[in-house]
Structures are given as C-alpha cells and as structure tokens.
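**Q** I have a structure here, written as structure tokens, and I will follow up with some questions on it.
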Amino acid sequence: MDSGLTLDRLEVMLGSTCLLGLSATIAPGEVLTLMGPSGVGKSALLAALTGTLTAPLAAAGEARLDGACITDLPAERRRLGILFHESLLFPHLSVAGNLAFALPPGPRAARRAAIAQALADVGLDGFGPRDPATLSGGEQARVALMRTLLAEPKALLLDEPFSRLDAARREEVRSLTFDHAEKRGLPVLMVTHDAEDARAAKGRVLEAQPGRIVGD
C-alpha cells in the first residue's frame with residue numbers, strides 16, 4: 001500500500017473554472033510547502049482536502065491517504081489534522097479540557113496521563129488547569145499543536161500557523177511543529193506566503209499559480 005498523502009489533480013473550482021490545483025505525493029515525515037500571496041486560494045485548497053469547502057466553491061480531483069481514497073469521506077473520517085494562524089482553543093475549557101477534547105474515550109487515569117505527557121512534550125508542565133486566555137500566543141500555539149496531534153491524524157495541514165507569532169516564538173513553535181510531525185511520520189502540507197517558513201520546513205516548495213494545477 002502506498003504511504004503518505006497523495007493529491008491527484010485536486011482542484012478548487014468555481015463553476016467550470018479552476019481557481020487553484022495541486023498534484024503531489026507527500027511522504028511520511030516530509031513537508032511540502034505551497035507558497036503564494038493571500039487570496040490566491042491556498043486555504044480553499046486545504047478546505048477541499050479536508051472536506052469543508054463551501055458553496056459556491058467545489059472540489060475536483062482525488063486525495064488518497066496511505067493509498068485509500070478519502071475524497072468522498074465526511075470531514076471527520078479523513079484523519080487530517082489542521083492548524084490555522086489562530087489557535088482556536090475553546091475559551092470555556094481549561095488547557096487540559098482542550099486537550100481532552102481530542103482524545104478518544106478511555107480510562108480517566110490514562111487520559112490524564114496522556115494530557116500531562118502532551119504538555120510536558122511542549123514545555124508546559126502543570127498548565128492543565130490554566131485558562132487559555134492567560135497563555136501567551138506561543139503557549140496557545142503549542143497547546144493547539146498538541147490538541148491536533150492527540151487526535152492521532154495521519155497527515156498534518158498547516159494554514160499559515162506561525163503568522164501571528166513574534167520572531168522568537170515563531171521559530172520555537174515552527175521547530176516544535178516540524179519535529180513532532182517528523183517523529184510521528186506525518187506527511188505535512190503547509191500553505192504560506194512567508195519564505196522563511198518555507199525555508200524552515202526544509203522540504204519541497206511549489207509556487208501557487210491561479211487557474212493552474214501545480215506540482216508533479
């Protein structure tokens with residue numbers, strides 16, 4: 001069985017017009033960056049991949065994860081984790097509550113241990129009871145990363161996830177994200193307008209071209 005994430009002429013369509021498309025295979029642990037300015041359709045392409053694209057836009061083409069077609073699956077069954085430029089932590093839940101949201105049902109002690117380990121992995125020991133509003137931007141980004149990974153996705157999508165961080169925190173969170181994805185063998189598709197993010201990913205970089213399918 002093929003491993004990794006394959007996009008076979010995946011397109012964002014408006015009627016019969018292609019707005020943006022991508023053909024590529026991303027191996028486990030690899031990062032592919034799609035570069036382009038805001039408004040070119042990069043986020044819409046990720047929405048087409050995750051099954052969350054809304055009318056009047058539509059998706060065409062196929063996406064496969066570890067050899068299995070996911071194009072027609074509902075969004076919650078595609079096993080794709082996604083991080084946005086905002087952390088989108090639930091404000092009514094504690095840090096631990098946010099992480100628990102991603103975990104499958106199981107014994108309470110095992111869930112507590114998984115949350116504690118996740119926080120330790122990103123240098124946030126003891127932060128479980130904290131209100132997300134009391135965290136810095138970098139701390140919120142780290143919690144959002146671990147919440148995504150605790151859901152055990154088979155691929156990771158990054159939609160300008162570092163753009164709101166200052167330079168020091170940006171480098172730190174970026175390294176954490178790529179390191180954790182590599183350790184877990186996750187194929188990563190990142191869309192960004194920032195050349196430094198693309199360099200830090202140390203993978204292939206493709207330039208988004210409006211109206212065209214780019215890639216392999």
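Here, A, B, ... name the chains of the structure tokens in the order displayed, residue numbers run from 1 inside each chain, and ligands are numbered from 1 in the same displayed order.
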Near Gly138 in chain A, within 7 Å and counting only C-alpha atoms, which residues show up once chain neighbours fewer than 2 positions away are dropped, as a compact mmCIF listing (two decimals) with C-alpha atoms, in the first residue's frame?

**A**
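After the write, part_14.txt holds the following:
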# COMPACT_ATOMS: atom_id res chain seq x y z
CA SER A 136 0.87 33.80 25.53
CA GLN A 140 -1.56 28.82 22.86
CA ALA A 141 0.05 27.64 19.63
CA ARG A 142 1.80 24.79 21.46
CA LEU A 165 3.76 34.87 16.42
CA ARG A 169 8.17 32.34 19.37
CA VAL A 173 6.76 26.81 17.58

**Q** I want to know what sits within 6 Å of range 4-15 of chain A, based on only C-alpha atoms, with residues of the same chain fewer than 6 positions away left out; could you give that as a ChimeraX atom specification?

**A** /A:21-28,45,57-66,187

**Q** Could you please take those selected residues and save N, CA and C atoms as a CSV table (one decimal), in the first residue's frame?

**A**
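Heads up, here's the output in result.csv:
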chain,number,residue,atom,x,y,z
A,21,GLY,N,-5.1,24.4,-8.2
A,21,GLY,CA,-5.0,23.0,-8.1
A,21,GLY,C,-3.6,22.5,-7.7
A,22,LEU,N,-3.5,21.3,-7.2
A,22,LEU,CA,-2.2,20.7,-6.7
A,22,LEU,C,-2.2,19.2,-7.0
A,23,SER,N,-1.1,18.8,-7.6
A,23,SER,CA,-0.9,17.3,-7.8
A,23,SER,C,0.5,17.1,-7.1
A,24,ALA,N,0.5,16.2,-6.1
A,24,ALA,CA,1.7,15.9,-5.4
A,24,ALA,C,1.6,14.7,-4.5
A,25,THR,N,2.7,14.0,-4.2
A,25,THR,CA,2.7,13.0,-3.2
A,25,THR,C,3.6,13.4,-2.1
A,26,ILE,N,3.2,13.4,-0.9
A,26,ILE,CA,4.0,13.8,0.3
A,26,ILE,C,4.2,12.6,1.1
A,27,ALA,N,5.5,12.3,1.3
A,27,ALA,CA,5.9,11.1,2.0
A,27,ALA,C,5.7,11.3,3.5
A,28,PRO,N,5.6,10.2,4.3
A,28,PRO,CA,5.6,10.3,5.8
A,28,PRO,C,6.8,11.1,6.3
A,45,LEU,N,-7.9,25.4,-1.0
A,45,LEU,CA,-7.4,24.1,-1.4
A,45,LEU,C,-7.3,23.2,-0.2
A,57,LEU,N,-18.0,27.4,-4.1
A,57,LEU,CA,-16.8,26.7,-4.5
A,57,LEU,C,-17.0,25.2,-4.4
A,58,ALA,N,-16.3,24.4,-5.2
A,58,ALA,CA,-16.4,23.0,-5.2
A,58,ALA,C,-15.1,22.4,-5.4
A,59,ALA,N,-14.9,21.1,-5.0
A,59,ALA,CA,-13.7,20.4,-5.2
A,59,ALA,C,-13.8,19.4,-6.4
A,60,ALA,N,-12.6,19.2,-7.1
A,60,ALA,CA,-12.5,18.2,-8.1
A,60,ALA,C,-11.2,17.5,-7.9
A,61,GLY,N,-11.0,16.3,-8.5
A,61,GLY,CA,-9.8,15.5,-8.3
A,61,GLY,C,-9.9,14.6,-7.1
A,62,GLU,N,-8.8,14.0,-6.7
A,62,GLU,CA,-8.8,13.0,-5.7
A,62,GLU,C,-7.7,13.2,-4.7
A,63,ALA,N,-8.0,12.8,-3.5
A,63,ALA,CA,-7.0,12.7,-2.4
A,63,ALA,C,-6.9,11.3,-1.8
A,64,ARG,N,-5.7,10.8,-1.6
A,64,ARG,CA,-5.5,9.5,-1.0
A,64,ARG,C,-4.6,9.6,0.2
A,65,LEU,N,-4.9,8.9,1.2
A,65,LEU,CA,-4.1,8.8,2.4
A,65,LEU,C,-3.7,7.4,2.7
A,66,ASP,N,-2.4,7.1,2.6
A,66,ASP,CA,-1.9,5.7,2.8
A,66,ASP,C,-2.6,4.8,1.8
A,187,PRO,N,2.9,13.0,6.9
A,187,PRO,CA,3.1,13.9,5.8
A,187,PRO,C,2.5,15.3,6.1

**Q** Would you return as a list of chain:residue names the members of range 67-204 of chain A that DSSP assigns to strand (DSSP E or B) on this structure's backbone?

**A**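 Taking range 67-204 of chain A and keeping strand (DSSP E or B) only, one gets A:Ala68, A:Cys69, A:Leu80, A:Gly81, A:Ile82, A:Leu83, A:Ala155, A:Leu156, A:Leu157, A:Leu158, A:Asp159, A:Val188, A:Leu189, A:Met190, A:Val191, A:Thr192, A:Arg204.
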
**Q** Grab the CA of Ser38 in chain A to CA of His193 in chain A distance for me, in Å with one decimal place.

**A** 7.0 Å

**Q** As a ChimeraX atom specification, please: the residues near Ala114 in chain A (cut-off 12 Å, only C-alpha atoms, same-chain neighbours under 5 positions excluded).

**A** /A:96,99-100,102-104,106-109,119-121,128,146-147,149-151

**Q** Using the chain letters and numbers from this document, which residues of chain A does DSSP assign to alpha helix (DSSP H), as number ranges by chain?

**A** A: 42-50, 95-102, 108-121, 137-150, 167-183, 195-201

**Q** Applying 12 Å and only C-alpha atoms, which residues near Gly97 in chain A remain after dropping the ones on its own chain fewer than 3 positions away? List them as a PDB file with C-alpha atoms, in the first residue's frame.

**A**
ATOM      1  CA  LEU A  89      -8.724  26.979  21.634  1.00  0.00           C
ATOM      2  CA  PHE A  90     -12.118  26.611  23.284  1.00  0.00           C
ATOM      3  CA  PRO A  91     -12.405  29.571  25.707  1.00  0.00           C
ATOM      4  CA  HIS A  92     -14.861  27.782  28.022  1.00  0.00           C
ATOM      5  CA  LEU A  93     -12.460  24.876  28.625  1.00  0.00           C
ATOM      6  CA  SER A  94      -9.197  24.742  30.549  1.00  0.00           C
ATOM      7  CA  ALA A 100      -9.097  16.090  26.443  1.00  0.00           C
ATOM      8  CA  PHE A 101     -11.467  17.109  23.648  1.00  0.00           C
ATOM      9  CA  ALA A 102      -9.123  15.458  21.122  1.00  0.00           C
ATOM     10  CA  LEU A 103      -8.706  12.178  23.000  1.00  0.00           C
ATOM     11  CA  ARG A 111      -6.471  10.281  29.623  1.00  0.00           C
ATOM     12  CA  ARG A 112      -4.942  12.383  32.411  1.00  0.00           C
ATOM     13  CA  ILE A 115      -2.627  15.126  28.694  1.00  0.00           C
ATOM     14  CA  ALA A 116       0.225  15.513  31.175  1.00  0.00           C
ATOM     15  CA  PHE A 127      -0.517  24.162  32.619  1.00  0.00           C
ATOM     16  CA  GLY A 128      -3.557  21.845  32.563  1.00  0.00           C
ATOM     17  CA  PRO A 129      -5.778  23.910  34.911  1.00  0.00           C
ATOM     18  CA  ARG A 130      -4.956  27.207  33.173  1.00  0.00           C
ATOM     19  CA  ASP A 131      -7.492  29.321  31.302  1.00  0.00           C
ATOM     20  CA  PRO A 132      -6.360  29.531  27.635  1.00  0.00           C
ATOM     21  CA  VAL A 143      -1.464  23.680  23.079  1.00  0.00           C
ATOM     22  CA  ALA A 144      -3.212  23.820  19.700  1.00  0.00           C
ATOM     23  CA  ARG A 147      -4.555  19.027  20.679  1.00  0.00           C
TER      24      ARG A 147
END
